[in-house]
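Structure data follow from protein_25.txt (compact mmCIF, C-alpha atoms):
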# COMPACT_ATOMS: atom_id res chain seq x y z
CA MET A 1 88.82 -131.82 142.08
CA GLN A 2 87.30 -128.79 140.53
CA ASP A 3 89.66 -126.03 139.43
CA THR A 4 92.55 -128.47 139.04
CA ASP A 5 93.75 -128.98 135.52
CA LEU A 6 95.71 -132.21 135.07
CA SER A 7 96.23 -131.37 131.39
CA LEU A 8 98.75 -128.76 132.57
CA ILE A 9 101.13 -131.48 133.81
CA THR A 10 104.22 -131.61 131.65
CA THR A 11 107.43 -133.59 131.70
CA ASP A 12 110.24 -131.12 131.17
CA ASN A 13 113.80 -132.16 130.36
CA VAL A 14 116.58 -130.73 132.51
CA LEU A 15 119.36 -129.71 130.16
CA LEU A 16 122.70 -129.49 131.93
CA PRO A 17 126.17 -130.01 130.45
CA LEU A 18 126.90 -132.79 132.97
CA PHE A 19 123.85 -134.76 131.86
CA ARG A 20 124.82 -134.40 128.19
CA GLU A 21 128.38 -135.43 129.01
CA LYS A 22 127.20 -138.55 130.88
CA LYS A 23 124.57 -139.27 128.19
CA ILE A 24 121.69 -139.37 130.62
CA THR A 25 118.26 -137.85 130.35
CA VAL A 26 116.75 -136.18 133.40
CA SER A 27 113.15 -134.96 133.39
CA VAL A 28 110.95 -133.21 135.93
CA LEU A 29 107.27 -134.05 136.21
CA ARG A 30 105.63 -130.66 136.71
CA LEU A 31 102.86 -131.38 139.21
CA ASP A 32 103.17 -127.82 140.47
CA THR A 33 101.21 -126.52 137.49
CA ILE A 34 97.80 -128.07 138.23
CA HIS A 35 96.55 -125.66 140.92
CA PRO A 36 98.07 -122.74 142.83
CA LEU A 37 97.40 -124.31 146.27
CA ILE A 38 96.57 -127.99 145.76
CA SER A 39 99.62 -128.72 143.68
CA GLY A 40 102.41 -131.21 143.57
CA ASN A 41 101.66 -134.49 145.25
CA LYS A 42 99.06 -132.86 147.58
CA TYR A 43 96.29 -133.11 145.01
CA PHE A 44 96.95 -136.81 144.48
CA LYS A 45 97.36 -137.64 148.18
CA LEU A 46 94.11 -135.88 149.16
CA LEU A 47 91.90 -137.11 146.33
CA ARG A 48 90.97 -140.60 147.64
CA TYR A 49 90.37 -139.27 151.16
CA LEU A 50 87.98 -136.59 149.95
CA GLU A 51 86.14 -139.03 147.72
CA GLU A 52 85.64 -141.37 150.68
CA ALA A 53 84.52 -138.53 152.96
CA LYS A 54 81.85 -137.60 150.38
CA GLN A 55 80.71 -141.22 150.09
CA LEU A 56 80.41 -141.49 153.89
CA GLY A 57 78.41 -138.28 154.10
CA LYS A 58 80.99 -136.51 156.26
CA THR A 59 80.84 -132.71 156.37
CA ASN A 60 84.08 -131.71 158.13
CA ILE A 61 87.63 -132.63 157.15
CA VAL A 62 90.08 -132.70 160.09
CA THR A 63 93.82 -132.84 159.49
CA PHE A 64 97.11 -132.12 161.20
CA GLY A 65 100.17 -129.99 160.52
CA GLY A 66 102.55 -127.29 161.62
CA ALA A 67 102.53 -123.53 161.18
CA TRP A 68 104.19 -123.74 157.73
CA SER A 69 102.53 -126.94 156.46
CA ASN A 70 101.63 -126.86 152.78
CA HIS A 71 99.38 -129.85 153.53
CA ILE A 72 97.27 -127.58 155.77
CA VAL A 73 96.77 -125.02 152.98
CA ALA A 74 96.14 -127.69 150.34
CA THR A 75 93.56 -129.37 152.57
CA ALA A 76 91.84 -126.04 153.24
CA ALA A 77 91.66 -125.28 149.52
CA ALA A 78 90.51 -128.79 148.59
CA SER A 79 87.89 -128.77 151.35
CA LYS A 80 86.54 -125.50 150.04
CA GLN A 81 86.33 -126.90 146.50
CA TYR A 82 84.58 -130.06 147.73
CA HIS A 83 82.23 -127.99 149.94
CA PHE A 84 83.50 -129.43 153.23
CA ASN A 85 84.06 -127.54 156.44
CA CYS A 86 87.58 -128.15 157.63
CA THR A 87 89.59 -128.05 160.82
CA GLY A 88 93.37 -127.90 161.08
CA ILE A 89 94.94 -129.28 164.25
CA ILE A 90 98.08 -127.18 164.46
CA ARG A 91 101.22 -128.29 166.31
CA GLY A 92 102.29 -125.63 168.80
CA GLU A 93 100.67 -122.78 170.63
CA GLU A 94 99.01 -119.96 168.72
CA ALA A 95 101.45 -117.12 168.05
CA ARG A 96 100.50 -113.46 168.20
CA SER A 97 100.83 -113.33 164.45
CA LEU A 98 100.02 -116.34 162.33
CA SER A 99 102.34 -117.64 159.64
CA SER A 100 101.36 -116.72 156.11
CA THR A 101 100.46 -120.40 155.63
CA LEU A 102 97.98 -120.39 158.50
CA LEU A 103 96.56 -117.03 157.47
CA GLN A 104 95.90 -118.44 154.01
CA ALA A 105 94.30 -121.59 155.45
CA ARG A 106 92.05 -119.47 157.68
CA GLN A 107 91.08 -117.27 154.72
CA LEU A 108 90.06 -120.44 152.87
CA GLY A 109 87.71 -121.26 155.75
CA MET A 110 89.79 -123.62 157.86
CA LYS A 111 89.15 -123.52 161.59
CA LEU A 112 92.52 -123.62 163.36
CA VAL A 113 92.94 -125.47 166.66
CA PHE A 114 96.31 -125.08 168.37
CA LEU A 115 97.70 -127.82 170.60
CA SER A 116 100.92 -128.11 172.54
CA ARG A 117 103.39 -130.55 171.01
CA GLU A 118 102.46 -133.17 173.62
CA GLU A 119 98.70 -132.76 173.05
CA TYR A 120 99.25 -132.77 169.29
CA THR A 121 101.09 -136.11 169.40
CA LEU A 122 98.34 -137.59 171.55
CA GLN A 123 95.56 -136.25 169.30
CA LYS A 124 97.23 -137.66 166.17
CA ARG A 125 97.06 -141.11 167.74
CA ASN A 126 93.35 -140.79 168.48
CA THR A 127 92.04 -140.07 165.00
CA GLU A 128 89.89 -143.20 165.12
CA LEU A 129 87.60 -141.28 167.52
CA SER A 130 85.25 -140.50 164.68
CA ASN A 131 81.74 -139.11 164.67
CA ASP A 132 78.98 -138.49 162.13
CA THR A 133 80.50 -135.30 160.72
CA ASP A 134 84.30 -135.49 160.98
CA TYR A 135 86.61 -137.25 158.54
CA PHE A 136 90.25 -137.43 159.66
CA ILE A 137 93.21 -137.19 157.30
CA SER A 138 96.61 -137.88 158.83
CA GLU A 139 99.42 -135.34 158.73
CA GLY A 140 100.72 -134.91 155.19
CA GLY A 141 98.03 -137.23 153.80
CA PHE A 142 99.85 -140.24 155.24
CA GLY A 143 98.04 -143.56 154.83
CA ILE A 144 96.75 -146.12 152.37
CA LYS A 145 94.30 -143.77 150.64
CA GLY A 146 97.09 -141.19 150.26
CA ALA A 147 99.39 -143.80 148.73
CA GLU A 148 96.62 -145.02 146.41
CA GLY A 149 96.10 -141.46 145.20
CA ALA A 150 99.84 -140.89 144.86
CA ALA A 151 100.08 -144.03 142.73
CA THR A 152 98.03 -142.24 140.06
CA ILE A 153 100.92 -139.82 139.55
CA ALA A 154 102.33 -142.60 137.35
CA ASP A 155 99.45 -141.98 134.93
CA HIS A 156 101.17 -138.74 133.95
CA TYR A 157 104.49 -140.06 132.66
CA ASP A 158 105.65 -142.97 130.55
CA ALA A 159 107.21 -145.28 133.13
CA GLY A 160 108.94 -147.26 130.39
CA LEU A 161 111.18 -144.29 129.60
CA TYR A 162 112.80 -144.07 133.04
CA SER A 163 115.16 -146.32 134.96
CA HIS A 164 114.82 -144.22 138.13
CA ILE A 165 112.09 -142.11 139.69
CA CYS A 166 113.34 -139.68 142.34
CA CYS A 167 111.17 -137.79 144.79
CA ALA A 168 111.29 -135.91 148.04
CA ALA A 169 109.89 -137.64 151.11
CA GLY A 170 108.13 -136.27 154.16
CA THR A 171 105.73 -138.97 155.35
CA GLY A 172 106.79 -141.40 152.60
CA THR A 173 103.23 -141.61 151.27
CA MET A 174 104.10 -140.48 147.76
CA THR A 175 107.04 -142.87 147.63
CA ALA A 176 104.75 -145.73 148.68
CA GLY A 177 102.32 -144.77 145.94
CA LEU A 178 105.03 -144.59 143.30
CA LEU A 179 106.32 -148.01 144.40
CA LEU A 180 102.82 -149.44 143.90
CA ARG A 181 103.04 -148.59 140.20
CA ALA A 182 106.76 -148.89 139.44
CA PRO A 183 107.64 -151.54 136.85
CA SER A 184 110.20 -154.14 137.90
CA HIS A 185 113.04 -152.48 135.94
CA GLN A 186 112.61 -149.16 137.72
CA GLN A 187 114.10 -147.91 141.00
CA VAL A 188 112.20 -145.41 143.12
CA LEU A 189 114.54 -143.23 145.17
CA CYS A 190 113.28 -140.88 147.84
CA PHE A 191 115.20 -138.13 149.58
CA SER A 192 114.34 -136.71 152.96
Could you render the structure from this file as structure tokens?
Amino acid sequence: MQDTDLSLITTDNVLLPLFREKKITVSVLRLDTIHPLISGNKYFKLLRYLEEAKQLGKTNIVTFGGAWSNHIVATAAASKQYHFNCTGIIRGEEARSLSSTLLQARQLGMKLVFLSREEYTLQKRNTELSNDTDYFISEGGFGIKGAEGAATIADHYDAGLYSHICCAAGTGTMTAGLLLRAPSHQQVLCFS
């Protein structure tokens, strides 16, 4: 993606007395440094979807999330960079004042569509109702393409140096991607 700089990714050691005492090394892969809005695993999870949307000639990215979803903002920013229109299907009725997240997504050009929780759940299940212009990305980038993109996170650290890879989990897509690339000696642990 344009304006993302993967050369800014670093692996920083966490220096705590407990780690020194136990003789273990703990490092943090700094994916937050690559872009102010499409950072962390979002860049990686969106990449394969956006590439496919371009190949298929789609012009509008449609995705799902809540009022504080960083996936919504990341998708809005990535869509703008890739020159897509984008629509965010937002869980819950529109409030009098939008969250800062939704305001930012709207400023980036995302059209916001608010659905009740029941309608939202139903709409998420019907994403296969495609047309010539819309390309659907599941909530949080969940899916095979998201996992394939997340697997490329492993290109940014030396897997041979680590016995464990730990990550946070929402949809589990990043964890699935990391598992695709983990060597047999390595455990991937995810935390909700």
Closest of A:Cys167, A:Ile137, A:Val188, A:Leu122 to Glu52 in chain A, counting only C-alpha atoms, is A:Ile137
Which residue, A:Ala76, A:Ala154, A:Ile38, A:Ile165, has the smallest gap to Gly177 in chain A when you use only C-alpha atoms?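 The closest residue to Gly177 in chain A is A:Ala154.
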Residue nearest Leu29 in chain A - candidates A:Asn13, A:Ser192, A:Thr133, A:Ser7, atoms counted: all atoms listed in the file |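 The shortest atom-to-atom distance to Leu29 in chain A comes from A:Asn13.
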Q) Rounded to one decimal in Å, what is the spacing between CA of Pro17 in chain A and CA of His164 in chain A? A)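 That distance, rounded to one decimal, is 19.7 Å.
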Close residues, range 109-115 of chain A itself excluded, 9 Å, only C-alpha atoms, min 4 positions apart in chain, as number ranges by chain
A: 72-73, 75-77, 79-80, 85-94, 102, 104-105, 119-120, 123
Residues from last step as file, C-alpha atoms, as a CSV table (one decimal), in the frame of the given file:
chain,number,residue,atom,x,y,z
A,72,ILE,CA,97.3,-127.6,155.8
A,73,VAL,CA,96.8,-125.0,153.0
A,75,THR,CA,93.6,-129.4,152.6
A,76,ALA,CA,91.8,-126.0,153.2
A,77,ALA,CA,91.7,-125.3,149.5
A,79,SER,CA,87.9,-128.8,151.4
A,80,LYS,CA,86.5,-125.5,150.0
A,85,ASN,CA,84.1,-127.5,156.4
A,86,CYS,CA,87.6,-128.2,157.6
A,87,THR,CA,89.6,-128.0,160.8
A,88,GLY,CA,93.4,-127.9,161.1
A,89,ILE,CA,94.9,-129.3,164.2
A,90,ILE,CA,98.1,-127.2,164.5
A,91,ARG,CA,101.2,-128.3,166.3
A,92,GLY,CA,102.3,-125.6,168.8
A,93,GLU,CA,100.7,-122.8,170.6
A,94,GLU,CA,99.0,-120.0,168.7
A,102,LEU,CA,98.0,-120.4,158.5
A,104,GLN,CA,95.9,-118.4,154.0
A,105,ALA,CA,94.3,-121.6,155.4
A,119,GLU,CA,98.7,-132.8,173.0
A,120,TYR,CA,99.2,-132.8,169.3
A,123,GLN,CA,95.6,-136.2,169.3
Shortest contact to Ile153 in chain A, candidates A:Thr101, A:Thr10, A:Gln55, A:Ser138, atoms counted all atoms listed in the file, goes to A:Thr10
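Relative to CA of Phe84 in chain A, CA of Thr59 in chain A is found at 5.3 Å.
A straight line drawn from CA of Lys42 in chain A to CA of Tyr162 in chain A is 22.9 Å long.
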Taking only C-alpha atoms into account, which of A:Ala74, A:Asp12, A:Ala169, A:Thr121 comes nearest Leu108 in chain A?
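Among A:Ala74, A:Asp12, A:Ala169, A:Thr121, it is A:Ala74 that comes nearest to Leu108 in chain A.
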Between A:Gly160, A:Gly57, A:Pro36, A:Pro183, smallest distance to Tyr135 in chain A by only C-alpha atoms belongs to A:Gly57
